[in-house]
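Working notes for the structure below.
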Protein chains: 2
Amino acid sequence: MLISVAVIEDSRTIRESLRRIIDGTPGMRCLWAAGSAEEALTEVLRQAPDVILMDIHLPGMSGIECTARIKQAAPAVEVIMLTVYEDNEKIFRALQAGACGYLLKRTRPEELIQAIKDVKQGGAPMTSEIARRLVEAFRHPPAEHAGGDTALSRREKQILDLLSRGFTNKEIANDLSVSPETVRHHLKRVYDKFHVHSRTAAVLKYLGMEGRPS
Amino acid sequence: MLISVAVIEDSRTIRESLRRIIDGTPGMRCLWAAGSAEEALTEVLRQAPDVILMDIHLPGMSGIECTARIKQAAPAVEVIMLTVYEDNEKIFRALQAGACGYLLKRTRPEELIQAIKDVKQGGAPMTSEIARRLVEAFRHPPAEHAGGDTALSRREKQILDLLSRGFTNKEIANDLSVSPETVRHHLKRVYDKFHVHSRTAAVLKYLGMEGRPS
DNA sequence: TTGCCTATCCCCCGAAAGGGTAAGTCCCCG
DNA sequence: CGGGGACTTACCCTTTCGGGGGATAGGCAA
């Protein structure tokens, strides 16, 4: 079974290097290699590959945006993000856009090839560090990729956490064995810090969804 | 650096086999090997290992429950679930309980050893199939296992959508050019359908986060 | 010591939200 | 044609929120 691969990467050197690695692998062929997201989008419509290696940092449209569009146009195409970045936010955004793998550029060629094969078999190749972050994010969705650096006190976080599970102030107060007034007080401070004026907006901000698309 | 490992596995054969594999690896030592969750919990307090290999299916307390308790008592201990099951629910429950890796029992010894090392380095070893499921779960939490089949009318969805972006009833009303009373009315129906009693809870349900872990 | 932060609790007020009920329009389907 | 569902508006009442004060107390650092 021949796996058709495409590469999206702005650096010509890396792009051609990836193409050589792919074409040099038996059972694998590089269909095309684009230098920009825009170019890639037209190529995808012309010839949809099985797997795409996508640089996350592209001039113009980002690789994340490009991934989202490709998955919309051709959901069967599997996308592996290839990047130098290791920060959580980019990882999550890429996965949500539809990427199924996330590798660092320093990944060795043989691992890259293995990753492409993995993807075809329904796997989700990623370094174990990245897998760990995914696991962490899965375990504590709020604390990690939301609030982040916003200086919330322990108590405020705690209350926000209960708030984000749909409890009323009174229920939170009972849960924490304090007066509802105290809960309200902490929430006021949270609203200030988040620059919001409603519990709903605060929760959304806390969960990192304030900018969700419709 | 010596990595101390512990094994929790009810089958004596597999337990001893795991112990041999670990003790046969330079730089690794099997501290203890328990046959039940209860036994393991007391052992953990006595001697906390760096990494635990935990069978998910144990007589009495399950491996998932046991993982949760261990992580509570000794958060630094890393737990790798070892199992024959491959179903999503168990995977997620285990990860939420605090496991950081999830391997199938048919994993070869050398991979197991590598996984233990991975964990010590902050990785999250898992087969790529399992990683894929995690990614899937991460990508569509809302659409899939939430809202899904709940029969919401067009209008109700529309309002819920605006609601889930933090708008007040009045703002939604302006947006849709209807009266706030109308918005309130639709929301009431939504609350009924969702069996919730607050906008926050409704939004969470809508976004598919109603069962989030703490 | 004097602040400053966090946490706790209290007051007030007006606005918003939740619950119930009623009634009007529209359009589709039998 | 009639009935039903979706959508609309309106009224009632009660509870909760959001925003504004202020008071007390412990901890921690300048």
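Chain labels A, B, ... are given in the sequence in which chains occur in the structure tokens; within each chain residues are numbered consecutively from 1, and ligands are likewise numbered from 1 in the order shown.
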
Same-sequence pair chain A/chain B: after least-squares overlay on all Cα in order, RMSD is 3.4 Å

Quick one: which chain A residues come within 9 Å of chain C, and what is the nearest atom pair for each with the distance in Å to one decimal, counting only C-alpha atoms (C1' of nucleotides), rows ordered by chain and ascending number, as JSON lines?
```
{"residue": "A:Ser153", "atom": "CA", "partner": "C:DT6", "partner_atom": "C1'", "distance": 7.8}
{"residue": "A:Arg155", "atom": "CA", "partner": "C:DA7", "partner_atom": "C1'", "distance": 8.3}
{"residue": "A:Val178", "atom": "CA", "partner": "C:DT8", "partner_atom": "C1'", "distance": 8.0}
{"residue": "A:Ser179", "atom": "CA", "partner": "C:DC9", "partner_atom": "C1'", "distance": 7.3}
{"residue": "A:Glu181", "atom": "CA", "partner": "C:DC9", "partner_atom": "C1'", "distance": 6.8}
{"residue": "A:Thr182", "atom": "CA", "partner": "C:DT8", "partner_atom": "C1'", "distance": 6.3}
{"residue": "A:His186", "atom": "CA", "partner": "C:DA7", "partner_atom": "C1'", "distance": 8.9}
```

Could you give me, as a PyMOL selection string, each residue of range 1-211 of chain A that DSSP assigns to strand (DSSP E or B) when run on this structure's backbone? chain A and resi 3-8+28-34+51-55+78-83+101-104+126

What's the 12 Å shell around Glu110 in chain B, counting only C-alpha atoms (C1' of nucleotides), without same-chain residues fewer than 6 positions away, as a list in words? Leu18, Ile21, Ile22, Gly24, Thr25, Ile116 and Lys117 of chain B

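Between C1' of DC12 in chain D and CA of Leu163 in chain B the interatomic distance comes to 25.1 Å.
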
With only C-alpha atoms (C1' of nucleotides) considered, list every residue of chain A at most 8 Å from chain D, as a PyMOL selection string. chain A and resi 188+197-198

List every residue of chain A that has an atom at most 8 Å from any atom of chain B, giving for each one its closest atom pair and the distance in Å to one decimal, counting only C-alpha atoms, sorted by chain and then by ascending residue number, as CSV.
```
residue,atom,partner,partner_atom,distance
A:Leu95,CA,B:Arg139,CA,6.4
A:Gln96,CA,B:Arg139,CA,4.8
A:Ala97,CA,B:Arg139,CA,7.9
A:Gly98,CA,B:Arg139,CA,7.2
A:Cys100,CA,B:Val135,CA,6.6
A:Asp118,CA,B:Ser128,CA,7.0
A:Gly122,CA,B:Glu129,CA,6.3
A:Gly123,CA,B:Ser128,CA,4.4
A:Ala124,CA,B:Arg132,CA,4.3
A:Pro125,CA,B:Ser128,CA,5.8
A:Thr127,CA,B:Gly123,CA,7.9
A:Ser128,CA,B:Gly123,CA,4.4
A:Glu129,CA,B:Gly123,CA,4.4
A:Ile130,CA,B:Gly123,CA,7.5
A:Ala131,CA,B:Ala124,CA,5.3
A:Arg132,CA,B:Ala124,CA,4.3
A:Leu134,CA,B:Leu134,CA,7.9
A:Val135,CA,B:Cys100,CA,6.6
A:Phe138,CA,B:Phe138,CA,7.2
A:Arg139,CA,B:Gln96,CA,5.1
A:His140,CA,B:Ser214,CA,7.0
A:Asp161,CA,B:Ser214,CA,7.5
A:Ser164,CA,B:Thr200,CA,7.5
A:Arg165,CA,B:Glu210,CA,6.7
A:Gly166,CA,B:Ala201,CA,4.2
A:Phe167,CA,B:Ala201,CA,7.4
A:Ser198,CA,B:Gly166,CA,7.5
A:Arg199,CA,B:Thr200,CA,7.2
A:Thr200,CA,B:Thr200,CA,5.3
A:Ala201,CA,B:Gly166,CA,4.3
A:Val203,CA,B:Thr200,CA,7.8
A:Leu204,CA,B:Gly166,CA,7.1
A:Glu210,CA,B:Arg165,CA,6.5
A:Gly211,CA,B:Arg165,CA,7.9
A:Arg212,CA,B:Arg165,CA,7.4
A:Ser214,CA,B:Asp161,CA,7.1
```

Any idea what's packed within 8 Å of Glu43 in chain B, counting only C-alpha atoms (C1' of nucleotides), ignoring anything in its chain fewer than 4 positions away? Could you give it as a ChimeraX atom specification? /B:32,34,39,47-48

Hey, can you spit out that residue selection with N, CA, C and O atoms as a short mmCIF file (atom, residue, chain, number, x, y, z; two decimals), in the first residue's frame?
```
data_model
loop_
_atom_site.label_atom_id
_atom_site.label_comp_id
_atom_site.auth_asym_id
_atom_site.auth_seq_id
_atom_site.Cartn_x
_atom_site.Cartn_y
_atom_site.Cartn_z
N TRP B 32 8.58 -3.38 45.23
CA TRP B 32 7.64 -4.37 45.73
C TRP B 32 6.64 -4.70 44.64
O TRP B 32 6.53 -3.99 43.63
N ALA B 34 2.60 -5.93 44.46
CA ALA B 34 1.39 -6.25 45.21
C ALA B 34 0.40 -7.00 44.33
O ALA B 34 0.39 -6.82 43.11
N GLU B 39 -3.46 -3.96 49.26
CA GLU B 39 -2.07 -4.24 49.65
C GLU B 39 -1.16 -3.13 49.12
O GLU B 39 -0.28 -2.63 49.84
N GLN B 47 6.84 2.46 51.28
CA GLN B 47 7.91 2.73 50.33
C GLN B 47 7.32 3.24 49.02
O GLN B 47 6.79 2.45 48.25
N ALA B 48 7.43 4.53 48.80
CA ALA B 48 6.88 5.09 47.56
C ALA B 48 7.88 4.90 46.42
O ALA B 48 9.01 5.36 46.51
#
```

Using the chain letters and numbers from this document, which residues of range 2-183 of chain A does DSSP assign to helix (DSSP H, G or I), as a VMD selection string? chain A and resid 12 to 23 37 to 46 63 to 73 88 to 97 109 to 120 128 to 139 141 to 145 154 to 163 169 to 176 180 to 183
